[in-house]
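Chemist: Got a file for you: start.cif, mmCIF, C-alpha atoms and all ligand atoms.
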```
data_query
loop_
_atom_site.label_atom_id
_atom_site.label_comp_id
_atom_site.auth_asym_id
_atom_site.auth_seq_id
_atom_site.Cartn_x
_atom_site.Cartn_y
_atom_site.Cartn_z
CA MET N 791 13.60 25.22 6.32
CA TRP N 792 12.53 22.64 3.70
CA GLU N 793 9.31 23.28 1.83
CA ALA N 794 7.22 20.97 -0.36
CA PRO N 795 7.53 21.77 -4.09
CA GLU N 796 5.37 24.77 -4.91
CA TYR N 797 2.85 22.92 -7.07
CA LEU N 798 2.27 20.23 -4.42
CA GLY N 799 2.14 22.86 -1.65
CA ASN N 800 -0.56 24.73 -3.58
CA LEU N 801 -2.62 21.57 -4.20
CA LEU N 802 -2.43 20.67 -0.50
CA ALA N 803 -3.41 24.18 0.60
CA GLU N 804 -6.31 24.22 -1.88
CA GLN N 805 -7.55 20.85 -0.69
CA TYR N 806 -6.94 21.01 3.05
CA GLY N 807 -6.60 24.74 3.84
CA SER N 808 -3.30 26.37 4.69
CA ALA N 809 -3.14 25.38 8.39
CA LEU N 810 -3.67 21.67 7.76
CA ALA N 811 -1.40 21.79 4.69
CA GLU N 812 1.34 23.14 6.95
CA GLU N 813 0.79 20.30 9.44
CA ILE N 814 1.01 17.82 6.55
CA CYS N 815 4.32 19.34 5.47
CA GLY N 816 5.50 18.96 9.10
CA GLY N 817 4.58 15.26 8.78
CA PHE N 818 6.69 14.98 5.61
CA LEU N 819 9.69 16.09 7.66
CA CYS N 820 9.33 13.42 10.37
CA ARG N 821 12.07 10.84 10.45
CA ARG N 822 10.00 7.71 10.82
CA PRO N 823 11.34 4.67 12.66
CA VAL N 824 11.86 1.48 10.67
CA THR N 825 8.81 -0.74 10.83
CA LEU N 826 8.47 -4.37 9.83
CA ARG N 827 6.02 -7.20 9.46
CA VAL N 828 6.83 -10.61 10.86
CA ASN N 829 6.37 -13.14 8.06
CA THR N 830 4.24 -15.79 9.75
CA LEU N 831 4.85 -18.20 6.87
CA LYS N 832 8.37 -18.62 8.25
CA CYS N 833 8.44 -17.34 11.79
CA SER N 834 6.15 -16.70 14.76
CA VAL N 835 5.91 -13.25 16.32
CA PRO N 836 7.50 -14.47 19.61
CA GLU N 837 10.40 -16.01 17.64
CA ALA N 838 11.06 -12.73 15.83
CA GLU N 839 10.79 -10.81 19.10
CA GLY N 840 13.34 -13.15 20.69
CA ALA N 841 15.79 -12.69 17.80
CA LEU N 842 15.46 -8.90 17.94
CA LYS N 843 16.04 -8.90 21.72
CA SER N 844 19.13 -11.11 21.31
CA ALA N 845 20.47 -8.64 18.74
CA GLY N 846 19.93 -5.80 21.25
CA ILE N 847 17.25 -4.18 19.09
CA ASP N 848 14.54 -2.37 20.98
CA PHE N 849 11.04 -2.50 19.47
CA SER N 850 7.42 -1.89 20.27
CA HIS N 851 4.14 -3.18 18.87
CA SER N 852 1.88 -1.31 16.51
CA GLY N 853 -1.83 -1.83 17.14
CA ILE N 854 -2.64 -2.15 13.44
CA CYS N 855 -1.91 -5.89 13.44
CA PRO N 856 -0.03 -8.32 15.74
CA GLU N 857 2.73 -8.86 13.15
CA ALA N 858 3.63 -5.15 12.87
CA LEU N 859 6.65 -4.05 14.91
CA ILE N 860 8.15 -0.58 15.33
CA ILE N 861 11.92 -0.57 15.67
CA ASN N 862 12.99 2.02 18.21
CA SER N 863 16.74 1.61 18.27
CA ALA N 864 18.03 0.60 14.82
CA ARG N 865 17.98 1.74 11.22
CA GLU N 866 17.42 -0.37 8.10
CA ASP N 867 21.06 -1.42 7.62
CA SER N 868 21.23 -3.10 11.03
CA LEU N 869 18.01 -4.99 10.35
CA ARG N 870 19.18 -6.07 6.91
CA SER N 871 22.27 -7.62 8.48
CA LEU N 872 20.18 -9.99 10.66
CA SER N 873 19.58 -13.60 9.61
CA LEU N 874 15.94 -12.91 10.47
CA TYR N 875 15.96 -10.62 7.44
CA SER N 876 18.05 -12.69 5.02
CA GLU N 877 15.93 -15.77 5.79
CA GLY N 878 12.74 -13.89 4.93
CA LYS N 879 11.31 -14.08 8.44
CA ILE N 880 10.63 -10.35 8.49
CA TYR N 881 9.70 -7.87 5.75
CA LEU N 882 10.54 -4.18 6.16
CA GLN N 883 7.29 -2.40 5.42
CA SER N 884 5.68 0.89 6.35
CA LEU N 885 2.70 0.70 8.68
CA SER N 886 0.46 2.57 6.21
CA SER N 887 1.21 0.07 3.48
CA MET N 888 0.01 -2.80 5.69
CA LEU N 889 -3.53 -1.35 5.69
CA PRO N 890 -4.81 -2.49 2.24
CA PRO N 891 -4.30 -6.25 2.82
CA LEU N 892 -5.78 -5.91 6.32
CA LEU N 893 -8.92 -4.38 4.80
CA LEU N 894 -9.15 -6.86 1.94
CA ASN N 895 -8.70 -9.68 4.45
CA PRO N 896 -8.20 -12.56 1.98
CA SER N 897 -9.21 -16.08 3.02
CA PRO N 898 -7.35 -19.31 2.24
CA ASN N 899 -9.95 -20.33 -0.37
CA ASP N 900 -9.90 -17.03 -2.25
CA SER N 901 -8.44 -16.42 -5.65
CA VAL N 902 -6.76 -13.04 -5.32
CA LEU N 903 -5.42 -10.61 -7.91
CA ASP N 904 -2.72 -8.14 -6.91
CA MET N 905 -2.83 -5.79 -9.90
CA ALA N 906 0.35 -3.76 -9.30
CA ALA N 907 2.45 -6.00 -7.16
CA ALA N 908 6.18 -5.22 -7.15
CA PRO N 909 8.22 -5.25 -4.99
CA GLY N 910 5.67 -7.41 -3.20
CA GLY N 911 5.09 -6.00 0.28
CA LYS N 912 1.35 -6.48 0.05
CA THR N 913 1.47 -9.70 -2.00
CA THR N 914 3.65 -11.35 0.64
CA GLN N 915 1.43 -9.96 3.40
CA MET N 916 -1.69 -11.46 1.78
CA ALA N 917 0.11 -14.79 1.29
CA ALA N 918 1.03 -14.81 4.99
CA MET N 919 -2.49 -13.82 6.06
CA THR N 920 -3.88 -16.89 4.32
CA GLY N 921 -1.19 -19.26 5.63
CA GLY N 922 0.12 -19.47 2.07
CA ALA N 923 -3.11 -21.14 0.93
CA ALA N 924 -4.79 -18.48 -1.24
CA ALA N 925 -4.11 -18.63 -4.97
CA ILE N 926 -2.64 -15.21 -5.64
CA THR N 927 -1.93 -13.77 -9.09
CA ALA N 928 0.58 -10.96 -8.85
CA CYS N 929 0.75 -8.71 -11.88
CA GLU N 930 3.64 -6.35 -12.58
CA LYS N 931 4.34 -4.46 -15.77
CA ASN N 932 7.97 -3.54 -15.16
CA LYS N 933 10.34 -6.45 -15.86
CA VAL N 934 13.07 -5.35 -13.46
CA ARG N 935 10.58 -4.78 -10.66
CA ALA N 936 8.95 -8.15 -11.45
CA GLU N 937 12.32 -9.81 -10.81
CA ARG N 938 12.48 -8.11 -7.43
CA LEU N 939 8.95 -9.34 -6.76
CA ARG N 940 9.92 -12.93 -7.63
CA TYR N 941 12.97 -12.70 -5.39
CA ASN N 942 10.91 -11.43 -2.46
CA LEU N 943 8.22 -14.08 -2.96
CA GLN N 944 10.83 -16.79 -2.99
CA ARG N 945 12.62 -15.48 0.08
CA GLN N 946 9.37 -15.05 1.98
CA GLY N 947 8.27 -18.60 1.12
CA CYS N 948 5.12 -17.60 -0.79
CA GLY N 949 4.61 -20.73 -2.86
CA ARG N 950 1.11 -20.24 -4.27
CA VAL N 951 1.74 -16.91 -5.98
CA SER N 952 1.91 -16.76 -9.78
CA VAL N 953 3.67 -13.75 -11.22
CA MET N 954 2.41 -12.28 -14.49
CA VAL N 955 4.72 -9.77 -16.11
CA CYS N 956 2.23 -7.73 -18.09
CA ASP N 957 0.17 -4.59 -18.26
CA VAL N 958 -2.78 -5.59 -16.08
CA ARG N 959 -5.10 -3.56 -18.33
CA ARG N 960 -4.57 -6.28 -20.94
CA LEU N 961 -5.54 -9.15 -18.64
CA ASP N 962 -8.09 -11.38 -20.40
CA SER N 963 -11.59 -10.36 -19.38
CA ARG N 964 -12.56 -14.03 -18.95
CA PHE N 965 -10.52 -14.06 -15.72
CA SER N 966 -12.38 -13.34 -12.50
CA PHE N 967 -11.24 -13.17 -8.90
CA ASP N 968 -12.75 -13.30 -5.43
CA LYS N 969 -10.66 -10.40 -4.16
CA ILE N 970 -8.61 -7.73 -5.91
CA LEU N 971 -5.97 -5.39 -4.56
CA LEU N 972 -5.25 -2.33 -6.67
CA ASP N 973 -2.32 -0.60 -4.98
CA ALA N 974 -2.13 1.88 -7.80
CA PRO N 975 0.94 3.62 -9.18
CA CYS N 976 0.71 7.21 -7.96
CA SER N 977 2.45 10.55 -7.58
CA GLY N 978 3.74 9.60 -4.11
CA SER N 979 2.37 12.85 -2.69
CA GLY N 980 1.93 11.20 0.74
CA THR N 981 5.52 10.09 1.04
CA VAL N 982 7.60 13.08 -0.01
CA SER N 983 10.48 14.04 2.23
CA GLU N 984 13.43 16.36 2.27
CA GLU N 985 15.60 13.66 0.68
CA HIS N 986 13.06 12.17 -1.71
CA CYS N 987 10.46 13.95 -3.79
CA GLU N 988 9.56 12.96 -7.34
CA PHE N 989 6.31 14.90 -7.39
CA THR N 990 5.65 16.85 -10.60
CA ALA N 991 2.51 18.10 -12.32
CA GLU N 992 3.20 15.73 -15.20
CA LEU N 993 3.52 12.69 -12.90
CA TYR N 994 0.33 13.72 -11.10
CA ASP N 995 -1.70 13.99 -14.32
CA ARG N 996 -0.31 10.75 -15.71
CA SER N 997 -1.05 8.91 -12.45
CA CYS N 998 -4.67 10.12 -12.39
CA ARG N 999 -5.31 8.88 -15.93
CA LEU N 1000 -3.75 5.47 -15.25
CA GLN N 1001 -5.52 5.03 -11.90
CA ALA N 1002 -8.96 5.51 -13.50
CA GLU N 1003 -8.17 2.90 -16.17
CA LEU N 1004 -6.83 0.43 -13.60
CA LEU N 1005 -9.85 0.83 -11.32
CA LYS N 1006 -12.24 0.23 -14.26
CA LYS N 1007 -10.29 -2.91 -15.08
CA ALA N 1008 -10.41 -4.06 -11.43
CA LEU N 1009 -14.19 -3.82 -11.35
CA SER N 1010 -14.50 -5.64 -14.67
CA LEU N 1011 -12.60 -8.61 -13.17
CA LEU N 1012 -14.82 -8.91 -10.07
CA MET N 1013 -18.09 -10.85 -9.86
CA PRO N 1014 -21.06 -9.14 -8.15
CA GLY N 1015 -20.76 -9.30 -4.37
CA LYS N 1016 -16.95 -9.63 -4.50
CA ARG N 1017 -14.58 -7.05 -3.03
CA ALA N 1018 -11.59 -4.95 -3.96
CA VAL N 1019 -9.33 -2.49 -2.19
CA TYR N 1020 -8.04 0.63 -3.93
CA SER N 1021 -5.00 2.28 -2.37
CA THR N 1022 -2.37 4.88 -3.19
CA CYS N 1023 0.45 6.56 -1.31
CA SER N 1024 -1.03 9.89 -2.38
CA ILE N 1025 -3.11 12.21 -0.22
CA LEU N 1026 -4.51 14.21 -3.14
CA ARG N 1027 -8.21 13.91 -3.96
CA GLY N 1028 -7.47 13.85 -7.68
CA GLU N 1029 -5.84 10.42 -7.27
CA ASN N 1030 -8.27 9.10 -4.68
CA GLU N 1031 -11.84 10.28 -4.14
CA GLU N 1032 -12.10 11.78 -7.63
CA ILE N 1033 -10.99 8.52 -9.25
CA LEU N 1034 -13.56 6.60 -7.21
CA LYS N 1035 -16.32 9.10 -8.02
CA SER N 1036 -15.58 9.01 -11.71
CA VAL N 1037 -15.33 5.22 -12.03
CA LEU N 1038 -17.57 3.51 -9.45
CA PRO N 1039 -21.03 4.54 -10.73
CA SER N 1040 -20.48 3.35 -14.31
CA ALA N 1041 -18.35 0.30 -13.37
CA GLY N 1042 -20.84 -1.00 -10.80
CA GLY N 1043 -18.91 -0.46 -7.59
CA ARG N 1044 -19.89 0.90 -4.20
CA ILE N 1045 -17.85 1.89 -1.17
CA ILE N 1046 -17.93 -0.42 1.84
CA PRO N 1047 -17.40 2.09 4.65
CA ILE N 1048 -14.28 1.69 6.77
CA PRO N 1049 -15.65 2.31 10.29
CA GLU N 1050 -14.49 5.55 11.96
CA GLY N 1051 -13.20 3.48 14.87
CA ALA N 1052 -11.12 1.10 12.74
CA PHE N 1053 -7.36 1.47 13.19
CA PRO N 1054 -7.65 4.00 16.04
CA GLU N 1055 -3.92 4.81 16.08
CA VAL N 1056 -3.93 5.87 12.44
CA PRO N 1057 -3.99 9.69 12.13
CA ARG N 1058 -6.62 10.66 9.55
CA LEU N 1059 -7.08 13.47 7.10
CA PRO N 1060 -10.59 14.56 6.12
CA THR N 1061 -11.86 12.84 2.98
CA GLU N 1062 -14.48 13.92 0.49
CA MET N 1063 -16.07 10.49 0.32
CA SER N 1064 -17.35 9.08 3.55
CA GLY N 1065 -16.13 5.59 4.43
CA THR N 1066 -12.70 6.04 2.84
CA LEU N 1067 -9.52 6.49 4.88
CA CYS N 1068 -6.77 9.01 4.19
CA VAL N 1069 -3.73 8.70 6.46
CA LYS N 1070 -2.06 11.91 7.61
CA PRO N 1071 1.74 11.88 7.31
CA SER N 1072 3.10 11.73 10.86
CA ARG N 1073 5.90 10.31 13.00
CA LEU N 1074 4.75 6.71 12.49
CA PHE N 1075 2.67 6.81 9.32
CA GLU N 1076 3.27 7.82 5.72
CA GLY N 1077 0.50 9.63 3.90
CA PHE N 1078 -1.76 7.03 2.30
CA PHE N 1079 -5.28 6.41 1.01
CA VAL N 1080 -7.46 3.31 1.12
CA ALA N 1081 -10.97 2.52 -0.04
CA HIS N 1082 -12.86 -0.75 0.31
CA ILE N 1083 -15.12 -1.49 -2.63
CA GLU N 1084 -17.84 -4.01 -3.48
CA LYS N 1085 -18.95 -4.92 -6.98
CA ILE N 1086 -22.71 -4.49 -7.09
N1 LIG K 1 1.90 -3.14 -4.21
C1 LIG K 1 3.34 -2.96 -4.23
C2 LIG K 1 3.91 -3.34 -2.87
O1 LIG K 1 3.17 -3.31 -1.88
O2 LIG K 1 5.09 -3.69 -2.80
C3 LIG K 1 3.72 -1.55 -4.65
C4 LIG K 1 3.15 -1.21 -5.99
S1 LIG K 1 3.71 0.31 -6.69
C5 LIG K 1 2.71 1.46 -5.84
C6 LIG K 1 2.93 0.25 -8.25
C7 LIG K 1 3.49 -0.78 -9.20
O3 LIG K 1 2.62 -0.87 -10.33
C8 LIG K 1 4.86 -0.48 -9.77
O4 LIG K 1 5.72 -1.55 -9.52
C9 LIG K 1 4.60 -0.31 -11.27
O5 LIG K 1 5.69 -0.78 -12.06
C10 LIG K 1 3.38 -1.16 -11.46
N2 LIG K 1 2.53 -0.82 -12.64
C11 LIG K 1 2.34 0.39 -13.19
N3 LIG K 1 1.47 0.31 -14.20
C12 LIG K 1 1.08 -0.98 -14.30
C13 LIG K 1 0.21 -1.71 -15.16
N4 LIG K 1 -0.45 -1.07 -16.13
N5 LIG K 1 0.07 -3.03 -15.00
C14 LIG K 1 0.75 -3.67 -14.00
N6 LIG K 1 1.60 -3.05 -13.16
C15 LIG K 1 1.77 -1.73 -13.30
#
```
Can I see the file as structure tokens?
Modeler:
Amino acid sequence: MWEAPEYLGNLLAEQYGSALAEEICGGFLCRRPVTLRVNTLKCSVPEAEGALKSAGIDFSHSGICPEALIINSAREDSLRSLSLYSEGKIYLQSLSSMLPPLLLNPSPNDSVLDMAAAPGGKTTQMAAMTGGAAAITACEKNKVRAERLRYNLQRQGCGRVSVMVCDVRRLDSRFSFDKILLDAPCSGSGTVSEEHCEFTAELYDRSCRLQAELLKKALSLLMPGKRAVYSTCSILRGENEEILKSVLPSAGGRIIPIPEGAFPEVPRLPTEMSGTLCVKPSRLFEGFFVAHIEKI
């Protein structure tokens, strides 16, 4: 029987207690179905549904947003072979990772900063949510990943997105934005599986340090009254609640509570900071964390 690496297992047991930690490890083992988002910049939901039906692919709807589909009868390779995919009409994306843009809810008139953007799942989602009208700046430090981001933006028809290949911590402080997404680099502790686990103590410590710096920067680029979303695919407090607690008071941020009843199908883990949402790894959802923040 597969077990999470010892250091991660211990952190989970310390944080959640051994019974819940065991349930979480059960969630890591689930083989999740492929999920996708219909790219409404290029295709309507009924059009995508029709194409999937014609290809004999069975799907169901996720309640998190009308564009989110759960594929019941095909794996990624079959979807990648569809013209729907090559034409950028769908984007393969986990349900958990659709949550941050849904919370940030950008409007067509907003100037938006996506601080850690590649490969672009959330940038393209925000572009689609605003009908392609919002001016989005997508920052990515890694050159190779930035190329992937550009490719995805082009294929998904996201015209008003400017890519900046830079360390977002160096962004000129004269910039300011209406909305900021910080989908921070993290240890990936919510998404480990039997086949894929990069979690190490070193990665965890490095991620925590970087996340605090990035969140400080995010708040410095927001005007009072404007909003940001902080997210990670980690379920460890050290990368989530503890980062928020250490940064928000001095950087002038406060949590906008995510209502308990929001996203009712999302399985939740207890969090140490009320109003934040930590997704429990399960059959449909990867482990994930999101917080909605306002600059005071
Ligand atoms: N938001 C992306 C999406 O939905 O497709 C996933 C982002 S991934 C969690 C984090 C990204 O941040 C990586 O591509 C990493 O190269 C980038 N990154 C790490 N440090 C950065 C920095 N200081 N400035 C800008 N990007 C950074």
Chemist: Check which residues fall inside 10 Å of ligand LIG 1 (chain K) when counting all atoms listed in the file, and print them as an MDAnalysis selection string.
Modeler: chainID N and resid 883:884 887:888 890:891 904:915 928:936 938:939 942 954:961 971:978 997 1000:1001 1003:1004 1021:1024
Chemist: Would you please work out which residue, of N:Arg1073, N:Lys1007, N:Arg821, N:Arg945, is nearest to N:Leu874 when using only C-alpha atoms?
Modeler: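 Of the candidates, the smallest distance to N:Leu874 is held by N:Arg945.
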Chemist: Nearest to N:Leu1009 among N:Tyr881, N:Tyr941, N:Phe965, N:Phe1078, with distances taken over all atoms listed in the file: which residue is it?
Modeler: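 Comparing N:Tyr881, N:Tyr941, N:Phe965, N:Phe1078 against N:Leu1009, the winner is N:Phe965.
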Chemist: Do you know which residues are at most 12 Å from N:Glu984 counting only C-alpha atoms, after dropping those on the same chain fewer than 5 positions away, and could you put them as a ChimeraX atom specification?
Modeler: /N:791-795,815-821
Chemist: State, in Å with one decimal place, the distance from atom CA of N:Lys1006 to atom CA of N:Leu1038.
Modeler: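 Separating atom CA of N:Lys1006 from atom CA of N:Leu1038 is a distance of 7.9 Å.
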Chemist: Please provide the set of residues having any atom within 10 Å of N:Phe1079, restricted to only C-alpha atoms, with same-chain residues fewer than 3 positions apart removed, written as a VMD selection string.
Modeler: chain N and resid 886 to 887 889 to 890 973 980 1020 to 1027 1029 to 1031 1058 to 1059 1061 1066 to 1070 1076
Chemist: For N:Asp900, which residue out of N:Gln946, N:Thr927, N:Thr830, N:Ser808 is the nearest one, using only C-alpha atoms?
Modeler: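 Ranked by minimum distance to N:Asp900, first place goes to N:Thr927.
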Chemist: Mind pulling up the distance from atom CA of N:Asp968 to atom CA of N:Arg1044?
Modeler: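 A separation of 15.9 Å between them.
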Chemist: Which of these, N:Phe989, N:Tyr875, N:Phe1053, N:Phe967, has the shortest distance to N:Glu796 once you count only C-alpha atoms?
Modeler: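 Distance minimum relative to N:Glu796 lands on N:Phe989.
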Chemist: Restricting the calculation to only C-alpha atoms, which member of N:Cys855, N:Lys1085, N:Tyr797, N:Gly1077 is positioned closest to N:Thr981?
Modeler: N:Gly1077
Chemist: Excluding same-chain residues fewer than 6 positions from N:Glu877, what lies within 12 Å of it counting only C-alpha atoms, as a list of chain:residue names?
Modeler: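 Everything that qualifies: N:Val828, N:Asn829, N:Leu831, N:Lys832, N:Cys833, N:Ala838, N:Leu869, N:Arg870, N:Ser871, N:Tyr941, N:Asn942, N:Leu943, N:Gln944, N:Arg945, N:Gln946, N:Gly947.
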Chemist: If I take atom CA of N:Gly949 and atom CA of N:Leu893, how far is one from the other in Å, to one decimal?
Modeler: 22.6 Å
